[in-house]
Amino acid sequence: MSLPRSPEAATLDRVSAVIEPTESPAPVGRDFPAGFLAARSRPGETITLGLMKLSAWVSIAITIGIVVALLIPSIDFFRQVSVMDFLFGTRWAPRFANASFGVVPLVTATLWTTLIALCTAVPLGLGAAVYLAEYAPWRVRKLLKPILEILAGVPTVVYGLFALTFVQQTVLRDWLGFTTGAFSVLAAGLVMGVMIVPTVASVSEDAMSAVPNALRQGSAALGANRMQTTLRVVFPAALSGIVAAIILGVSRAVGETMIVAIAAGSQARIVGGPLEQGLTMTSFIANAALGDSRVGSLAYDTLFAVGLLLFVITLVVNAISIAFVRRFREAY
Amino acid sequence: MTRTYTSRARELVDTPSPVISCTDVNIYYGKFRAVSDVTLEFGDREITALIGPSGCGKSTVLRSLNRMNDLIPGARVEGVIDYHGQNIYDRGVDAIEVRRRIGMVFQKPNPFPKSIFDNIAYGPRVSGMQVDNMEELVEKSLRDAALWDEVKDKLKQSAFGLSGGQQQRLCIARTIAVQPEVILMDEPCSALDPIATMKIEDLMQQLREQYAIIIVTHNMQQAARVADRTAFFTAMASEETGDRTGQLVEYDTTEVIFERPADQRTEDYISGRFG
């Protein structure tokens, strides 16, 4: 007498009938034709990679090209004018009959405008960044950040006119009653500072927002208030980004041309105070590079020598800031 | 059953002398009620574990005890959380003072990107503690956190050079340095390996002599090993809205919770039938 099959066994039979199809193809992972792991060429990827490599090298090549283009006329220049006379001479009169190529007046004008711009942009920019990153409610931040970034999109010629007419004439002379001429490094510097604020604020805000919240919570849990947390934890942790923001600001201020060309003045004299006018290195280049200097002439080479000096200054500022960040950064 | 619990080490009084008492606490994130009607007391110089499945609100409850929830936009606490006769959510209570007395250790070790020394000295410095000798305070805090011998020669080095377990003990040392009364721990071992976990658990047993410790843990064995008392939370669908909201199911000595829980849901969770 055969035992009745249990219902479970019957079910099992049915299941195995379903999972044992005889003619279904083997799944890909179970298929091993000869050379199944052989490398395969993927032309799309090769082309993409090639294009990306090309872009990287082209941008490097262009930079080198610019440096060389700066260097060659500059070398010509320094064949005729000694480096010492150029760097330490205090009279800038390249077009006079008894020409003099002392760059100090231009450097002082650039220093003043840059310094004034930084004194404006760093407090305002960092203040805005701290507020946006640490304090502002989400809605305010969402509204304010794009507005701030619009400031960065205003053409610099507009800033220049604003500096010349409103800041210099109306604010400095009429409202504040300062004795100053039609131009001043103060007006140009202040407006240049306003122009840089969005750069400083936006880049340093990004750096502060990137600091992990766990650090803020840890600080709060130890009884620190928000300002202490910001100054002692967030700021040092975001230092490299903040310094990068300021350096970006410095580079823009040193290199800014339109505002200073319009509002800072055009007489190359050593600038002794903020209310004086002055010719910055960039203004000189903008004013002198009008296409009437013959290629290879001394006037032509002068432009490049000043350009090279600008380039070196920016490079030195960058190097100093990198060293500073290495020394003081608290990396998270 | 021969299994023993921490409570063996010390006779537990029936009602703990409470250091923090929650009465009818409801916690909201915006309109969503994350935790409803929690009433429980945390004993002084005891370890209390909060356990339960994910989303049961145990971490939310823990964070509400020193107003860390303030940092989350939209978080709101109703009810009374009494600390020495003062509802910490009353108007005029300074959250910073609360956190000075009720410290917190987080799930993931979060040392500051500073030296080991500065990590410990941070709390005393920012809270304006009168410290005669910071070196002494740093050493004592590190000793109390069982970390001194491992770091005494590298106090000036970055805390980021330490292992995860050492970093977590550093965070405990940092918390001790401001001399709080209560230490909250939010899954302090979940990012650590078993050996580092064991060290933290041993440390908790020592700290229990001086501090009230409240710990959230996903690890039931850990609760059973370290806690004097255990509160079991679970998430229940609300009758009105259908939202799942965290509730306290049962709170008792750890032994009772793990050996003879009164509630079927606790029994199911403890024995691994859900959660």
# chains A, B, ... in the order shown; residues from 1 in each chain; ligands from 1

call {"tool": "closest_atom_pairs", "arguments": {"of": "chain A", "to": "chain B", "cutoff": "12 Å", "atoms": "only C-alpha atoms", "output": "tab-separated table"}}
result
residue	atom	partner	partner_atom	distance
A:Glu134	CA	B:Leu71	CA	11.0
A:Tyr135	CA	B:Leu71	CA	10.9
A:Ala136	CA	B:Pro73	CA	11.4
A:Pro137	CA	B:Pro73	CA	8.5
A:Trp138	CA	B:Pro73	CA	8.9
A:Arg139	CA	B:Pro73	CA	11.4
A:Val211	CA	B:Pro113	CA	10.6
A:Pro212	CA	B:Asn110	CA	9.3
A:Asn213	CA	B:Asn110	CA	9.6
A:Ala214	CA	B:Asn110	CA	6.0
A:Leu215	CA	B:Asn110	CA	6.1
A:Arg216	CA	B:Phe112	CA	9.3
A:Gln217	CA	B:Met68	CA	7.6
A:Gly218	CA	B:Asn110	CA	6.6
A:Ser219	CA	B:Gly123	CA	7.7
A:Ala220	CA	B:Arg99	CA	7.3
A:Ala221	CA	B:Arg99	CA	5.5
A:Leu222	CA	B:Gly123	CA	5.2
A:Gly223	CA	B:Arg100	CA	4.6
A:Ala224	CA	B:Val126	CA	5.6
A:Asn225	CA	B:Ile96	CA	6.5
A:Arg226	CA	B:Ile96	CA	9.6
A:Met227	CA	B:Val126	CA	10.2
A:Gln228	CA	B:Val126	CA	6.8
A:Thr229	CA	B:Val126	CA	8.8
A:Thr230	CA	B:Val126	CA	11.7
A:Leu231	CA	B:Val126	CA	10.8
A:Arg232	CA	B:Tyr122	CA	8.8
A:Val233	CA	B:Phe112	CA	7.0
A:Val234	CA	B:Phe112	CA	9.5
A:Phe235	CA	B:Pro113	CA	11.1
A:Pro236	CA	B:Pro113	CA	8.4
A:Ala237	CA	B:Pro113	CA	6.8
A:Ala238	CA	B:Pro113	CA	10.5
A:Leu239	CA	B:Pro113	CA	11.6
A:Phe328	CA	B:Lys114	CA	10.5
A:Arg329	CA	B:Pro113	CA	9.0
A:Glu330	CA	B:Pro113	CA	5.2
A:Ala331	CA	B:Pro113	CA	5.8
A:Tyr332	CA	B:Pro113	CA	5.2

call {"tool": "select_by_dssp", "arguments": {"residues": "segment 92-249 of chain B", "states": "helix (DSSP H, G or I)", "output": "ChimeraX atom specification"}}
result
/B:95-101,116-126,134-144,148-151,159-161,164-177,194-207,220-226

call {"tool": "closest_residue", "arguments": {"among": "B:Gly161, B:Ile47, B:Gly52, B:Val151", "to": "Glu267 of chain B", "atoms": "only C-alpha atoms"}}
result
B:Gly52

call {"tool": "closest_atom_pairs", "arguments": {"of": "segment 178-275 of chain A", "to": "segment 90-109 of chain A", "cutoff": "9 Å", "atoms": "only C-alpha atoms", "output": "JSON lines"}}
result
{"residue": "A:Val185", "atom": "CA", "partner": "A:Ala109", "partner_atom": "CA", "distance": 7.0}
{"residue": "A:Ala264", "atom": "CA", "partner": "A:Ala109", "partner_atom": "CA", "distance": 8.4}
{"residue": "A:Ala268", "atom": "CA", "partner": "A:Pro105", "partner_atom": "CA", "distance": 5.7}
{"residue": "A:Arg269", "atom": "CA", "partner": "A:Pro105", "partner_atom": "CA", "distance": 5.1}
{"residue": "A:Ile270", "atom": "CA", "partner": "A:Pro105", "partner_atom": "CA", "distance": 4.1}
{"residue": "A:Val271", "atom": "CA", "partner": "A:Ala109", "partner_atom": "CA", "distance": 5.8}
{"residue": "A:Gly272", "atom": "CA", "partner": "A:Thr108", "partner_atom": "CA", "distance": 8.2}

call {"tool": "write_last_selection", "arguments": {"atoms": "all heavy atoms", "output": "JSON list (two decimals), in the first residue's frame"}}
result
[["chain", "number", "residue", "atom", "x", "y", "z"],
["A", 185, "VAL", "N", 41.77, 107.70, -5.52],
["A", 185, "VAL", "CA", 41.93, 106.25, -5.37],
["A", 185, "VAL", "C", 40.90, 105.72, -4.38],
["A", 185, "VAL", "O", 40.51, 104.56, -4.43],
["A", 185, "VAL", "CB", 43.36, 105.88, -4.91],
["A", 185, "VAL", "CG1", 44.35, 106.09, -6.04],
["A", 185, "VAL", "CG2", 43.78, 106.61, -3.66],
["A", 264, "ALA", "N", 40.06, 106.65, -10.95],
["A", 264, "ALA", "CA", 41.20, 106.86, -10.07],
["A", 264, "ALA", "C", 42.12, 107.99, -10.55],
["A", 264, "ALA", "O", 42.88, 108.54, -9.77],
["A", 264, "ALA", "CB", 42.01, 105.58, -9.92],
["A", 268, "ALA", "N", 50.61, 110.03, -13.25],
["A", 268, "ALA", "CA", 51.46, 109.05, -12.59],
["A", 268, "ALA", "C", 52.32, 109.73, -11.53],
["A", 268, "ALA", "O", 53.46, 110.10, -11.78],
["A", 268, "ALA", "CB", 52.32, 108.33, -13.61],
["A", 269, "ARG", "N", 51.74, 109.93, -10.36],
["A", 269, "ARG", "CA", 52.52, 110.47, -9.25],
["A", 269, "ARG", "C", 52.37, 109.53, -8.06],
["A", 269, "ARG", "O", 51.36, 108.82, -7.94],
["A", 269, "ARG", "CB", 52.01, 111.87, -8.87],
["A", 269, "ARG", "CG", 52.49, 112.96, -9.82],
["A", 269, "ARG", "CD", 52.08, 114.32, -9.29],
["A", 269, "ARG", "NE", 50.66, 114.34, -8.99],
["A", 269, "ARG", "CZ", 49.84, 115.32, -9.35],
["A", 269, "ARG", "NH1", 50.28, 116.35, -10.01],
["A", 269, "ARG", "NH2", 48.56, 115.27, -9.04],
["A", 270, "ILE", "N", 53.36, 109.53, -7.21],
["A", 270, "ILE", "CA", 53.28, 108.67, -6.04],
["A", 270, "ILE", "C", 52.07, 109.09, -5.21],
["A", 270, "ILE", "O", 51.87, 110.26, -4.93],
["A", 270, "ILE", "CB", 54.57, 108.77, -5.20],
["A", 270, "ILE", "CG1", 55.72, 108.09, -5.96],
["A", 270, "ILE", "CG2", 54.39, 108.13, -3.83],
["A", 270, "ILE", "CD1", 57.03, 108.08, -5.23],
["A", 271, "VAL", "N", 51.24, 108.09, -4.86],
["A", 271, "VAL", "CA", 50.00, 108.39, -4.14],
["A", 271, "VAL", "C", 50.30, 108.36, -2.64],
["A", 271, "VAL", "O", 50.73, 107.36, -2.10],
["A", 271, "VAL", "CB", 48.91, 107.36, -4.49],
["A", 271, "VAL", "CG1", 47.63, 107.70, -3.78],
["A", 271, "VAL", "CG2", 48.69, 107.32, -5.98],
["A", 272, "GLY", "N", 50.06, 109.50, -1.97],
["A", 272, "GLY", "CA", 50.37, 109.58, -0.55],
["A", 272, "GLY", "C", 49.15, 109.44, 0.34],
["A", 272, "GLY", "O", 49.28, 109.17, 1.53]]

call {"tool": "closest_residue", "arguments": {"among": "A:Leu279, A:Ala288, A:Leu308, A:Ile116", "to": "Ala253 of chain A", "atoms": "only C-alpha atoms"}}
result
A:Ile116

call {"tool": "closest_residue", "arguments": {"among": "B:Val93, B:Ala196, B:Ile27, B:Val182", "to": "Gln167 of chain B", "atoms": "only C-alpha atoms"}}
result
B:Ala196

call {"tool": "select_by_dssp", "arguments": {"residues": "segment 10-241 of chain B", "states": "strand (DSSP E)", "output": "VMD selection string"}}
result
chain B and resid 18 to 29 32 to 43 47 to 51 75 to 83 86 to 87 102 to 105 182 to 186 212 to 216 229 to 237
